[in-house]
>>> print(open('data10.cif').read())   # mmCIF, C-alpha atoms
data_coords
loop_
_atom_site.group_PDB
_atom_site.id
_atom_site.type_symbol
_atom_site.label_atom_id
_atom_site.label_comp_id
_atom_site.auth_asym_id
_atom_site.auth_seq_id
_atom_site.Cartn_x
_atom_site.Cartn_y
_atom_site.Cartn_z
ATOM 1 C CA MET A 7 -83.713 -3.648 -132.782
ATOM 2 C CA ASP A 8 -81.711 -6.543 -131.563
ATOM 3 C CA GLN A 9 -82.668 -7.696 -128.184
ATOM 4 C CA ALA A 10 -80.245 -9.490 -125.922
ATOM 5 C CA PRO A 11 -81.407 -13.069 -125.381
ATOM 6 C CA LYS A 12 -83.035 -13.418 -122.007
ATOM 7 C CA GLU A 13 -81.480 -16.192 -119.981
ATOM 8 C CA ASN A 14 -83.510 -18.407 -117.717
ATOM 9 C CA PRO A 15 -83.227 -17.485 -114.066
ATOM 10 C CA ILE A 16 -81.039 -19.926 -112.142
ATOM 11 C CA THR A 17 -83.401 -22.034 -110.072
ATOM 12 C CA GLU A 18 -83.443 -25.669 -108.992
ATOM 13 C CA LYS A 19 -85.940 -26.409 -111.753
ATOM 14 C CA THR A 20 -83.993 -24.747 -114.577
ATOM 15 C CA LEU A 21 -80.734 -26.248 -113.349
ATOM 16 C CA MET A 22 -82.233 -29.752 -113.273
ATOM 17 C CA GLU A 23 -83.560 -29.202 -116.796
ATOM 18 C CA PHE A 24 -80.102 -28.125 -117.854
ATOM 19 C CA ILE A 25 -78.456 -31.224 -116.329
ATOM 20 C CA THR A 26 -80.922 -33.690 -117.892
ATOM 21 C CA GLN A 27 -80.531 -31.984 -121.255
ATOM 22 C CA VAL A 28 -76.727 -32.245 -121.125
ATOM 23 C CA LEU A 29 -76.941 -35.921 -120.159
ATOM 24 C CA ASP A 30 -79.578 -36.660 -122.817
ATOM 25 C CA GLU A 31 -77.505 -35.015 -125.521
ATOM 26 C CA ARG A 32 -74.628 -37.318 -124.615
ATOM 27 C CA ASN A 33 -76.753 -40.441 -124.209
ATOM 28 C CA VAL A 34 -75.704 -40.879 -120.590
ATOM 29 C CA ALA A 35 -77.999 -43.360 -118.852
ATOM 30 C CA TYR A 36 -79.554 -41.947 -115.679
ATOM 31 C CA MET A 37 -82.591 -42.120 -113.433
ATOM 32 C CA LEU A 38 -84.517 -39.079 -112.340
ATOM 33 C CA ASP A 39 -85.891 -39.355 -108.845
ATOM 34 C CA LYS A 40 -88.940 -37.168 -108.174
ATOM 35 C CA ASP A 41 -87.267 -34.337 -110.100
ATOM 36 C CA SER A 42 -85.037 -33.805 -107.076
ATOM 37 C CA PHE A 43 -81.903 -35.743 -107.990
ATOM 38 C CA ILE A 44 -80.343 -37.641 -110.847
ATOM 39 C CA SER A 45 -78.692 -40.976 -110.353
ATOM 40 C CA ILE A 46 -76.036 -42.053 -112.871
ATOM 41 C CA PRO A 47 -74.957 -45.709 -112.579
ATOM 42 C CA THR A 48 -71.179 -45.959 -112.721
ATOM 43 C CA LYS A 49 -68.621 -48.752 -112.559
ATOM 44 C CA ILE A 50 -65.203 -48.068 -111.102
ATOM 45 C CA ASP A 51 -62.837 -51.004 -111.051
ATOM 46 C CA ASP A 52 -65.054 -53.755 -109.597
ATOM 47 C CA HIS A 53 -67.276 -51.343 -107.699
ATOM 48 C CA VAL A 54 -70.728 -50.522 -108.949
ATOM 49 C CA LEU A 55 -71.974 -47.211 -107.574
ATOM 50 C CA ASN A 56 -74.137 -44.261 -108.494
ATOM 51 C CA PHE A 57 -73.243 -40.631 -109.046
ATOM 52 C CA ILE A 58 -75.945 -38.516 -107.470
ATOM 53 C CA VAL A 59 -76.335 -35.144 -109.171
ATOM 54 C CA ARG A 60 -78.521 -32.440 -107.592
ATOM 55 C CA ALA A 61 -79.223 -28.785 -108.199
ATOM 56 C CA VAL A 62 -79.152 -26.576 -105.114
ATOM 57 C CA ALA A 63 -80.368 -23.011 -105.449
ATOM 58 C CA SER A 64 -81.687 -22.274 -101.982
ATOM 59 C CA GLY A 65 -78.777 -20.195 -100.677
ATOM 60 C CA LYS A 66 -76.884 -17.173 -101.944
ATOM 61 C CA ASN A 67 -74.834 -19.114 -104.467
ATOM 62 C CA PRO A 68 -76.583 -21.783 -106.534
ATOM 63 C CA TYR A 69 -74.540 -24.893 -107.283
ATOM 64 C CA ILE A 70 -74.619 -28.381 -108.750
ATOM 65 C CA SER A 71 -73.725 -31.076 -106.286
ATOM 66 C CA ILE A 72 -72.088 -34.274 -107.514
ATOM 67 C CA ALA A 73 -71.698 -37.076 -104.992
ATOM 68 C CA THR A 74 -71.294 -40.827 -104.941
ATOM 69 C CA SER A 75 -73.552 -43.379 -103.358
ATOM 70 C CA PRO A 76 -71.896 -44.819 -100.184
ATOM 71 C CA LEU A 77 -68.400 -46.099 -100.920
ATOM 72 C CA ILE A 78 -67.579 -47.650 -97.561
ATOM 73 C CA ASP A 79 -69.770 -48.545 -94.624
ATOM 74 C CA LEU A 80 -67.855 -47.823 -91.432
ATOM 75 C CA LEU A 81 -70.477 -49.331 -89.137
ATOM 76 C CA ASN A 82 -68.788 -52.683 -89.505
ATOM 77 C CA VAL A 83 -65.321 -51.356 -88.859
ATOM 78 C CA ASP A 84 -63.675 -52.180 -85.571
ATOM 79 C CA ASP A 85 -62.938 -49.228 -83.270
ATOM 80 C CA SER A 86 -59.179 -49.640 -83.537
ATOM 81 C CA ALA A 87 -59.247 -49.333 -87.314
ATOM 82 C CA ARG A 88 -61.678 -46.439 -87.480
ATOM 83 C CA GLU A 89 -59.322 -43.697 -86.345
ATOM 84 C CA ASN A 90 -56.803 -44.742 -88.979
ATOM 85 C CA LEU A 91 -59.467 -44.685 -91.644
ATOM 86 C CA TYR A 92 -60.723 -41.270 -90.573
ATOM 87 C CA ARG A 93 -57.178 -39.928 -90.653
ATOM 88 C CA LEU A 94 -56.438 -41.521 -93.997
ATOM 89 C CA LEU A 95 -59.568 -40.151 -95.639
ATOM 90 C CA LEU A 96 -59.116 -36.709 -94.080
ATOM 91 C CA SER A 97 -55.559 -36.612 -95.416
ATOM 92 C CA LEU A 98 -56.787 -37.649 -98.858
ATOM 93 C CA ASN A 99 -58.906 -34.496 -98.888
ATOM 94 C CA SER A 100 -55.665 -32.563 -99.066
ATOM 95 C CA TYR A 101 -54.569 -34.345 -102.182
ATOM 96 C CA ALA A 102 -57.747 -35.002 -104.127
ATOM 97 C CA PRO A 103 -59.719 -32.201 -105.754
ATOM 98 C CA LEU A 104 -62.894 -33.695 -104.331
ATOM 99 C CA ARG A 105 -64.050 -34.278 -100.787
ATOM 100 C CA PHE A 106 -64.426 -37.508 -98.854
ATOM 101 C CA LEU A 107 -66.981 -37.157 -96.092
ATOM 102 C CA LEU A 108 -68.784 -39.132 -93.458
ATOM 103 C CA THR A 109 -72.578 -39.247 -93.563
ATOM 104 C CA PRO A 110 -74.635 -39.383 -90.352
ATOM 105 C CA PHE A 111 -75.061 -43.115 -91.092
ATOM 106 C CA GLU A 112 -71.300 -43.733 -90.835
ATOM 107 C CA GLN A 113 -70.934 -44.137 -94.564
ATOM 108 C CA VAL A 114 -68.133 -42.613 -96.570
ATOM 109 C CA ILE A 115 -69.009 -40.799 -99.774
ATOM 110 C CA ALA A 116 -67.096 -38.534 -102.152
ATOM 111 C CA ALA A 117 -68.572 -35.206 -103.186
ATOM 112 C CA THR A 118 -67.868 -32.020 -105.077
ATOM 113 C CA GLU A 119 -69.795 -28.841 -105.905
ATOM 114 C CA LEU A 120 -69.814 -26.716 -109.029
ATOM 115 C CA ASP A 121 -70.790 -23.076 -108.545
ATOM 116 C CA VAL A 122 -73.403 -21.714 -110.970
ATOM 117 C CA LEU A 123 -73.241 -17.943 -110.985
ATOM 118 C CA SER A 124 -74.111 -17.806 -114.665
ATOM 119 C CA TRP A 125 -75.167 -20.070 -117.539
ATOM 120 C CA GLN A 126 -72.092 -19.026 -119.469
ATOM 121 C CA ASP A 127 -69.870 -22.013 -120.284
ATOM 122 C CA LEU A 128 -71.783 -24.083 -117.734
ATOM 123 C CA GLU A 129 -72.083 -27.098 -120.004
ATOM 124 C CA ARG A 130 -68.336 -27.262 -120.523
ATOM 125 C CA ARG A 131 -67.667 -26.726 -116.815
ATOM 126 C CA PHE A 132 -70.208 -29.350 -115.764
ATOM 127 C CA LEU A 133 -68.826 -31.965 -118.164
ATOM 128 C CA ALA A 134 -65.254 -31.186 -117.148
ATOM 129 C CA ARG A 135 -66.147 -31.536 -113.470
ATOM 130 C CA LEU A 136 -68.039 -34.769 -114.017
ATOM 131 C CA SER A 137 -65.177 -36.394 -115.879
ATOM 132 C CA PHE A 138 -62.641 -35.021 -113.399
ATOM 133 C CA PHE A 139 -64.696 -36.495 -110.536
ATOM 134 C CA PHE A 140 -64.861 -39.836 -112.312
ATOM 135 C CA ASP A 141 -61.149 -39.903 -113.159
ATOM 136 C CA THR A 142 -60.113 -39.000 -109.599
ATOM 137 C CA LEU A 143 -62.294 -41.733 -108.136
ATOM 138 C CA ASN A 144 -61.085 -44.166 -110.721
ATOM 139 C CA ASP A 145 -57.585 -43.427 -109.537
ATOM 140 C CA LEU A 146 -58.221 -43.298 -105.784
ATOM 141 C CA LEU A 147 -60.980 -45.780 -105.010
ATOM 142 C CA PRO A 148 -59.043 -48.988 -105.733
ATOM 143 C CA ARG A 149 -56.177 -47.668 -103.549
ATOM 144 C CA VAL A 150 -58.510 -46.808 -100.675
ATOM 145 C CA MET A 151 -60.179 -50.208 -100.920
ATOM 146 C CA LYS A 152 -56.767 -51.896 -100.872
ATOM 147 C CA LEU A 153 -55.858 -50.033 -97.671
ATOM 148 C CA ILE A 154 -59.125 -51.072 -96.053
ATOM 149 C CA GLU A 155 -58.492 -54.657 -97.079
ATOM 150 C CA LYS A 156 -55.042 -54.454 -95.469
ATOM 151 C CA THR A 157 -56.643 -53.279 -92.210
ATOM 152 C CA ARG A 158 -59.135 -56.134 -92.429
ATOM 153 C CA ARG A 159 -56.314 -58.677 -92.738
ATOM 154 C CA LYS A 160 -54.674 -57.248 -89.625
ATOM 155 C CA GLY A 161 -57.908 -57.933 -87.779
ATOM 156 C CA GLY A 162 -58.993 -54.316 -87.651
ATOM 157 C CA LEU A 163 -62.319 -54.940 -89.292
ATOM 158 C CA THR A 164 -64.974 -57.076 -87.632
ATOM 159 C CA MET W 24 -47.892 15.343 -161.270
ATOM 160 C CA ALA W 25 -48.877 13.811 -158.097
ATOM 161 C CA GLN W 26 -47.542 10.354 -157.709
ATOM 162 C CA ALA W 27 -50.086 7.718 -156.972
ATOM 163 C CA ARG W 28 -49.681 6.613 -153.383
ATOM 164 C CA LYS W 29 -48.813 3.011 -153.030
ATOM 165 C CA THR W 30 -51.141 1.243 -150.630
ATOM 166 C CA LYS W 31 -50.682 -2.179 -149.276
ATOM 167 C CA LYS W 32 -53.878 -4.146 -149.330
ATOM 168 C CA ILE W 33 -54.508 -6.175 -146.236
ATOM 169 C CA PRO W 34 -56.939 -9.018 -146.661
ATOM 170 C CA MET W 35 -60.161 -8.234 -144.787
ATOM 171 C CA GLN W 36 -60.158 -11.471 -142.862
ATOM 172 C CA LYS W 37 -56.777 -10.721 -141.337
ATOM 173 C CA THR W 38 -57.794 -7.211 -140.334
ATOM 174 C CA ILE W 39 -60.850 -8.447 -138.479
ATOM 175 C CA GLU W 40 -58.832 -11.162 -136.777
ATOM 176 C CA HIS W 41 -56.288 -8.549 -135.710
ATOM 177 C CA PHE W 42 -58.872 -6.454 -133.893
ATOM 178 C CA LYS W 43 -60.724 -9.349 -132.320
ATOM 179 C CA HIS W 44 -60.343 -9.500 -128.566
ATOM 180 C CA ARG W 45 -58.305 -12.506 -127.665
ATOM 181 C CA ASP W 46 -58.236 -14.034 -124.242
ATOM 182 C CA PRO W 47 -54.857 -15.301 -123.165
ATOM 183 C CA PRO W 48 -54.595 -19.084 -122.973
ATOM 184 C CA ILE W 49 -55.252 -20.532 -119.537
ATOM 185 C CA ASN W 50 -51.957 -21.646 -118.097
ATOM 186 C CA GLU W 51 -50.154 -21.306 -114.778
ATOM 187 C CA HIS W 52 -48.527 -18.041 -115.825
ATOM 188 C CA SER W 53 -51.700 -16.330 -117.085
ATOM 189 C CA LEU W 54 -53.706 -17.573 -114.095
ATOM 190 C CA THR W 55 -51.055 -16.283 -111.698
ATOM 191 C CA GLN W 56 -51.230 -12.914 -113.463
ATOM 192 C CA PHE W 57 -55.007 -12.987 -113.111
ATOM 193 C CA ILE W 58 -54.763 -13.627 -109.339
ATOM 194 C CA HIS W 59 -52.212 -10.834 -109.031
ATOM 195 C CA SER W 60 -54.432 -8.275 -110.786
ATOM 196 C CA PHE W 61 -57.485 -9.533 -108.867
ATOM 197 C CA LEU W 62 -55.752 -8.848 -105.524
ATOM 198 C CA GLU W 63 -54.498 -5.458 -106.708
ATOM 199 C CA LYS W 64 -57.924 -4.447 -108.048
ATOM 200 C CA HIS W 65 -59.675 -5.333 -104.816
ATOM 201 C CA GLY W 66 -57.031 -3.661 -102.679
ATOM 202 C CA LEU W 67 -56.087 -6.830 -100.846
ATOM 203 C CA LYS W 68 -52.697 -6.902 -99.169
ATOM 204 C CA TYR W 69 -50.604 -9.907 -100.064
ATOM 205 C CA GLU W 70 -47.154 -11.375 -100.021
ATOM 206 C CA LYS W 71 -45.853 -13.468 -102.851
ATOM 207 C CA GLU W 72 -43.841 -16.558 -102.038
ATOM 208 C CA GLY W 73 -42.915 -18.363 -105.233
ATOM 209 C CA LYS W 74 -46.215 -19.402 -106.763
ATOM 210 C CA TRP W 75 -48.176 -18.618 -103.585
ATOM 211 C CA PHE W 76 -50.109 -15.458 -102.851
ATOM 212 C CA LEU W 77 -50.388 -15.191 -99.075
ATOM 213 C CA VAL W 78 -53.311 -12.963 -98.151
ATOM 214 C CA PRO W 79 -53.774 -12.169 -94.445
ATOM 215 C CA PHE W 80 -57.347 -11.826 -93.189
ATOM 216 C CA TYR W 81 -58.244 -10.550 -89.752
ATOM 217 C CA PHE W 82 -61.024 -12.185 -87.793
ATOM 218 C CA GLU W 83 -61.939 -11.366 -84.198
ATOM 219 C CA GLY W 84 -58.454 -11.295 -82.673
ATOM 220 C CA LEU W 85 -57.144 -13.781 -85.175
ATOM 221 C CA THR W 86 -55.043 -13.482 -88.315
ATOM 222 C CA ILE W 87 -55.463 -16.201 -90.877
ATOM 223 C CA ALA W 88 -53.287 -16.395 -93.943
ATOM 224 C CA ILE W 89 -55.098 -17.583 -97.034
ATOM 225 C CA VAL W 90 -52.947 -19.052 -99.772
ATOM 226 C CA ILE W 91 -54.146 -18.586 -103.337
ATOM 227 C CA THR W 92 -52.391 -20.544 -106.063
ATOM 228 C CA ALA W 93 -52.872 -21.251 -109.746
ATOM 229 C CA GLN W 94 -52.655 -24.902 -110.636
ATOM 230 C CA VAL W 95 -52.817 -26.455 -114.042
ATOM 231 C CA THR W 96 -53.079 -30.225 -113.974
ATOM 232 C CA SER W 97 -53.406 -32.579 -116.882
ATOM 233 C CA TYR W 98 -57.176 -32.599 -116.314
ATOM 234 C CA SER W 99 -58.078 -28.958 -115.862
ATOM 235 C CA PRO W 100 -56.747 -25.654 -114.599
ATOM 236 C CA PHE W 101 -57.967 -24.394 -111.255
ATOM 237 C CA ILE W 102 -57.317 -21.892 -108.501
ATOM 238 C CA THR W 103 -56.686 -23.356 -105.080
ATOM 239 C CA ILE W 104 -57.660 -21.412 -101.976
ATOM 240 C CA ARG W 105 -56.405 -22.781 -98.690
ATOM 241 C CA THR W 106 -55.743 -21.664 -95.167
ATOM 242 C CA HIS W 107 -52.139 -21.674 -94.057
ATOM 243 C CA ARG W 108 -51.503 -23.467 -90.774
ATOM 244 C CA ILE W 109 -54.867 -22.498 -89.380
ATOM 245 C CA PHE W 110 -55.009 -24.844 -86.457
ATOM 246 C CA SER W 111 -52.621 -27.306 -84.874
ATOM 247 C CA HIS W 112 -54.049 -30.576 -83.671
ATOM 248 C CA GLN W 113 -50.761 -31.843 -82.287
ATOM 249 C CA LEU W 114 -52.098 -31.782 -78.747
ATOM 250 C CA CYS W 115 -54.783 -34.193 -79.810
ATOM 251 C CA ARG W 116 -54.026 -37.314 -77.795
ATOM 252 C CA ASP W 117 -54.774 -40.848 -78.916
ATOM 253 C CA LEU W 118 -57.797 -41.270 -76.682
ATOM 254 C CA ILE W 119 -59.633 -38.311 -78.145
ATOM 255 C CA GLY W 120 -58.084 -38.712 -81.556
ATOM 256 C CA GLU W 121 -60.809 -40.903 -82.978
ATOM 257 C CA ILE W 122 -63.679 -38.732 -81.749
ATOM 258 C CA PHE W 123 -62.005 -35.574 -82.990
ATOM 259 C CA CYS W 124 -61.108 -37.048 -86.386
ATOM 260 C CA LYS W 125 -64.609 -38.427 -86.799
ATOM 261 C CA TRP W 126 -66.111 -35.063 -85.901
ATOM 262 C CA LEU W 127 -63.870 -33.226 -88.382
ATOM 263 C CA PHE W 128 -64.643 -35.800 -91.026
ATOM 264 C CA SER W 129 -68.389 -35.314 -90.445
ATOM 265 C CA LEU W 130 -67.950 -31.535 -90.804
ATOM 266 C CA ASN W 131 -67.065 -32.196 -94.434
ATOM 267 C CA ASN W 132 -70.693 -33.174 -94.787
ATOM 268 C CA VAL W 133 -71.928 -29.821 -93.512
ATOM 269 C CA ILE W 134 -69.559 -27.379 -95.174
ATOM 270 C CA HIS W 135 -68.783 -27.117 -98.844
ATOM 271 C CA PHE W 136 -65.086 -26.732 -98.350
ATOM 272 C CA LYS W 137 -62.689 -29.464 -97.426
ATOM 273 C CA ILE W 138 -61.290 -29.917 -93.986
ATOM 274 C CA THR W 139 -58.100 -31.842 -94.195
ATOM 275 C CA PHE W 140 -54.851 -32.832 -92.510
ATOM 276 C CA SER W 141 -52.243 -31.550 -94.874
ATOM 277 C CA GLU W 142 -48.973 -30.597 -93.280
ATOM 278 C CA PRO W 143 -48.302 -32.934 -90.373
ATOM 279 C CA GLY W 144 -49.963 -31.545 -87.282
ATOM 280 C CA TYR W 145 -52.144 -29.007 -89.039
ATOM 281 C CA ILE W 146 -55.786 -28.886 -89.987
ATOM 282 C CA GLU W 147 -56.607 -26.852 -93.062
ATOM 283 C CA PHE W 148 -59.601 -25.655 -95.033
ATOM 284 C CA ILE W 149 -59.239 -26.006 -98.803
ATOM 285 C CA THR W 150 -61.317 -25.308 -101.850
ATOM 286 C CA GLU W 151 -60.752 -25.308 -105.598
ATOM 287 C CA LEU W 152 -62.244 -23.096 -108.260
ATOM 288 C CA ASP W 153 -62.319 -24.623 -111.738
ATOM 289 C CA VAL W 154 -61.075 -22.413 -114.545
ATOM 290 C CA CYS W 155 -62.299 -23.880 -117.813
ATOM 291 C CA THR W 156 -62.847 -20.366 -119.088
ATOM 292 C CA TRP W 157 -62.068 -16.723 -118.252
ATOM 293 C CA GLU W 158 -65.801 -15.904 -118.378
ATOM 294 C CA CYS W 159 -67.093 -14.569 -115.037
ATOM 295 C CA LEU W 160 -63.861 -15.690 -113.360
ATOM 296 C CA GLU W 161 -63.425 -12.519 -111.325
ATOM 297 C CA GLN W 162 -67.000 -12.739 -110.050
ATOM 298 C CA ARG W 163 -66.614 -16.448 -109.309
ATOM 299 C CA LEU W 164 -63.310 -15.985 -107.457
ATOM 300 C CA LEU W 165 -64.751 -13.148 -105.401
ATOM 301 C CA SER W 166 -67.850 -15.152 -104.515
ATOM 302 C CA LYS W 167 -65.802 -18.239 -103.618
ATOM 303 C CA LEU W 168 -63.396 -16.227 -101.492
ATOM 304 C CA GLU W 169 -66.254 -14.577 -99.589
ATOM 305 C CA ALA W 170 -68.007 -17.891 -98.943
ATOM 306 C CA PHE W 171 -64.698 -19.453 -97.866
ATOM 307 C CA LEU W 172 -64.012 -16.679 -95.345
ATOM 308 C CA GLU W 173 -67.567 -16.830 -93.999
ATOM 309 C CA THR W 174 -67.232 -20.579 -93.478
ATOM 310 C CA ILE W 175 -63.958 -20.164 -91.609
ATOM 311 C CA ARG W 176 -65.535 -17.441 -89.479
ATOM 312 C CA ASP W 177 -68.374 -19.818 -88.593
ATOM 313 C CA PHE W 178 -66.468 -23.036 -88.094
ATOM 314 C CA HIS W 179 -63.054 -22.075 -86.735
ATOM 315 C CA PRO W 180 -64.426 -21.243 -83.259
ATOM 316 C CA GLU W 181 -66.381 -24.506 -83.311
ATOM 317 C CA ILE W 182 -63.247 -26.520 -84.034
ATOM 318 C CA ILE W 183 -61.355 -24.787 -81.215
ATOM 319 C CA LYS W 184 -64.296 -25.370 -78.846
ATOM 320 C CA LYS W 185 -64.664 -29.036 -79.746
ATOM 321 C CA HIS W 186 -60.948 -29.624 -79.329
ATOM 322 C CA ALA W 187 -60.956 -27.946 -75.903
ATOM 323 C CA GLU W 188 -64.023 -29.928 -74.827
ATOM 324 C CA LEU W 189 -62.416 -33.210 -75.786
ATOM 325 C CA ASN W 190 -59.173 -32.308 -74.035
ATOM 326 C CA ASP W 191 -61.095 -31.428 -70.859
ATOM 327 C CA LEU W 192 -62.960 -34.697 -71.107
ATOM 328 C CA GLU W 193 -59.704 -36.595 -71.282
ATOM 329 C CA ILE W 194 -58.113 -34.714 -68.385
ATOM 330 C CA ASN W 195 -61.131 -35.331 -66.164
#
>>> encode(input="data10.cif", output="structure tokens")
Amino acid sequence: MDQAPKENPITEKTLMEFITQVLDERNVAYMLDKDSFISIPTKIDDHVLNFIVRAVASGKNPYISIATSPLIDLLNVDDSARENLYRLLLSLNSYAPLRFLLTPFEQVIAATELDVLSWQDLERRFLARLSFFFDTLNDLLPRVMKLIEKTRRKGGLT
Amino acid sequence: MAQARKTKKIPMQKTIEHFKHRDPPINEHSLTQFIHSFLEKHGLKYEKEGKWFLVPFYFEGLTIAIVITAQVTSYSPFITIRTHRIFSHQLCRDLIGEIFCKWLFSLNNVIHFKITFSEPGYIEFITELDVCTWECLEQRLLSKLEAFLETIRDFHPEIIKKHAELNDLEIN
């Protein structure tokens, strides 16, 4: 009698195994940090950064989190320029299908989450999201940096 | 004499293909149809405005319209879920502007949906659901919608409270 293939339960461990397998199959260079997150070195324009990929299965809905290492450090930004930058980045969240956010250390990162309700088509969805994330940043990051540079020239940045 | 019945032979391959279940291609039209049947199936009231499905949800003394739209970009198709004019920040004066903006911006770190300034003067919550495939889409949309509403329920009062606190601070 045919038996339906049993799928692995969706846990942080199985999700991390899934991610590393997908990256290995495509020869994507990455570093695995204590089995808790994956760091993928990336170059966008002149900016060297890392994509941090994590599996989160603690809550009701498991998901894969994709985020960047810090893009901008706002600690060095003058008060007068900060509000404009906050507004600009908040407005960008309306346009971009990813999220710019402020970490507790005043650093700006971009992030997105991919829901994992089932293993079905997950590989395709993960790869699509990863390339979408990269393409959006590739498009937006140079523009954001240019705007920050403009503020710096006006004396907004210390 | 009985005449031999003429039968038309259909190649086997074609017959099988004919009966195979075919999913419609994912485009704006088919995704819009999917959203429409999803809302009907789950008994959700809605109004249709062009490509938008406006779905009113009632929280404690508050009606929030959620806009659900199908979008197909050059990259990938997705369903956008966003609040419609949830909260006006027009009263936010310059002095408290920075603190309020920074606080909202930090909230994007805590919640998994985006808080954004979209229409001038309005703060909105937005999220996108990727649609690479029709597999599990109903379950995924339902789950996303539930999580989205729960987040609004949790954070909307906090936003109102923070805004009021900052305004009081400025007045005093």
>>> atom_distance(input="data10.cif", atom1="atom CA of A:Leu147", atom2="atom CA of W:Phe136")
20.6 Å
>>> atom_distance(input="data10.cif", atom1="atom CA of A:Pro15", atom2="atom CA of A:Leu123")
10.5 Å
>>> closest_atom_pairs(input="data10.cif", of="chain W", to="chain A", cutoff="10 Å", atoms="all atoms listed in the file", output="JSON lines")
{"residue": "W:Tyr98", "atom": "CA", "partner": "A:Phe138", "partner_atom": "CA", "distance": 6.7}
{"residue": "W:Ser99", "atom": "CA", "partner": "A:Ala134", "partner_atom": "CA", "distance": 7.6}
{"residue": "W:Phe101", "atom": "CA", "partner": "A:Pro103", "partner_atom": "CA", "distance": 9.7}
{"residue": "W:Thr103", "atom": "CA", "partner": "A:Pro103", "partner_atom": "CA", "distance": 9.4}
{"residue": "W:Arg105", "atom": "CA", "partner": "A:Ser100", "partner_atom": "CA", "distance": 9.8}
{"residue": "W:Asp117", "atom": "CA", "partner": "A:Glu89", "partner_atom": "CA", "distance": 9.2}
{"residue": "W:Ile119", "atom": "CA", "partner": "A:Glu89", "partner_atom": "CA", "distance": 9.8}
{"residue": "W:Gly120", "atom": "CA", "partner": "A:Glu89", "partner_atom": "CA", "distance": 7.0}
{"residue": "W:Glu121", "atom": "CA", "partner": "A:Glu89", "partner_atom": "CA", "distance": 4.6}
{"residue": "W:Ile122", "atom": "CA", "partner": "A:Glu89", "partner_atom": "CA", "distance": 8.0}
{"residue": "W:Phe123", "atom": "CA", "partner": "A:Glu89", "partner_atom": "CA", "distance": 9.2}
{"residue": "W:Cys124", "atom": "CA", "partner": "A:Tyr92", "partner_atom": "CA", "distance": 6.0}
{"residue": "W:Lys125", "atom": "CA", "partner": "A:Tyr92", "partner_atom": "CA", "distance": 6.1}
{"residue": "W:Trp126", "atom": "CA", "partner": "A:Leu108", "partner_atom": "CA", "distance": 9.0}
{"residue": "W:Leu127", "atom": "CA", "partner": "A:Leu96", "partner_atom": "CA", "distance": 8.2}
{"residue": "W:Phe128", "atom": "CA", "partner": "A:Leu107", "partner_atom": "CA", "distance": 5.7}
{"residue": "W:Ser129", "atom": "CA", "partner": "A:Leu108", "partner_atom": "CA", "distance": 4.9}
{"residue": "W:Leu130", "atom": "CA", "partner": "A:Leu107", "partner_atom": "CA", "distance": 7.8}
{"residue": "W:Asn131", "atom": "CA", "partner": "A:Leu107", "partner_atom": "CA", "distance": 5.2}
{"residue": "W:Asn132", "atom": "CA", "partner": "A:Leu107", "partner_atom": "CA", "distance": 5.6}
{"residue": "W:Val133", "atom": "CA", "partner": "A:Leu107", "partner_atom": "CA", "distance": 9.2}
{"residue": "W:His135", "atom": "CA", "partner": "A:Glu119", "partner_atom": "CA", "distance": 7.3}
{"residue": "W:Phe136", "atom": "CA", "partner": "A:Arg105", "partner_atom": "CA", "distance": 8.0}
{"residue": "W:Lys137", "atom": "CA", "partner": "A:Arg105", "partner_atom": "CA", "distance": 6.0}
{"residue": "W:Ile138", "atom": "CA", "partner": "A:Asn99", "partner_atom": "CA", "distance": 7.1}
{"residue": "W:Thr139", "atom": "CA", "partner": "A:Leu96", "partner_atom": "CA", "distance": 5.0}
{"residue": "W:Phe140", "atom": "CA", "partner": "A:Ser97", "partner_atom": "CA", "distance": 4.8}
{"residue": "W:Ser141", "atom": "CA", "partner": "A:Ser100", "partner_atom": "CA", "distance": 5.5}
{"residue": "W:Glu142", "atom": "CA", "partner": "A:Ser100", "partner_atom": "CA", "distance": 9.1}
{"residue": "W:Pro143", "atom": "CA", "partner": "A:Ser97", "partner_atom": "CA", "distance": 9.6}
{"residue": "W:Ile146", "atom": "CA", "partner": "A:Leu96", "partner_atom": "CA", "distance": 9.4}
{"residue": "W:Glu147", "atom": "CA", "partner": "A:Ser100", "partner_atom": "CA", "distance": 8.3}
{"residue": "W:Phe148", "atom": "CA", "partner": "A:Ser100", "partner_atom": "CA", "distance": 8.9}
{"residue": "W:Ile149", "atom": "CA", "partner": "A:Ser100", "partner_atom": "CA", "distance": 7.5}
{"residue": "W:Thr150", "atom": "CA", "partner": "A:Pro103", "partner_atom": "CA", "distance": 8.1}
{"residue": "W:Glu151", "atom": "CA", "partner": "A:Pro103", "partner_atom": "CA", "distance": 7.0}
{"residue": "W:Leu152", "atom": "CA", "partner": "A:Leu120", "partner_atom": "CA", "distance": 8.4}
{"residue": "W:Asp153", "atom": "CA", "partner": "A:Arg131", "partner_atom": "CA", "distance": 7.7}
{"residue": "W:Val154", "atom": "CA", "partner": "A:Arg131", "partner_atom": "CA", "distance": 8.2}
{"residue": "W:Cys155", "atom": "CA", "partner": "A:Arg131", "partner_atom": "CA", "distance": 6.2}
{"residue": "W:Thr156", "atom": "CA", "partner": "A:Asp127", "partner_atom": "CA", "distance": 7.3}
{"residue": "W:Trp157", "atom": "CA", "partner": "A:Asp127", "partner_atom": "CA", "distance": 9.6}
{"residue": "W:Glu158", "atom": "CA", "partner": "A:Gln126", "partner_atom": "CA", "distance": 7.1}
{"residue": "W:Cys159", "atom": "CA", "partner": "A:Ser124", "partner_atom": "CA", "distance": 7.7}
{"residue": "W:Leu160", "atom": "CA", "partner": "A:Leu123", "partner_atom": "CA", "distance": 9.9}
{"residue": "W:Gln162", "atom": "CA", "partner": "A:Leu123", "partner_atom": "CA", "distance": 8.2}
{"residue": "W:Arg163", "atom": "CA", "partner": "A:Leu123", "partner_atom": "CA", "distance": 7.0}
{"residue": "W:Ser166", "atom": "CA", "partner": "A:Asn67", "partner_atom": "CA", "distance": 8.0}
{"residue": "W:Lys167", "atom": "CA", "partner": "A:Asp121", "partner_atom": "CA", "distance": 8.5}
{"residue": "W:Ala170", "atom": "CA", "partner": "A:Asn67", "partner_atom": "CA", "distance": 8.9}
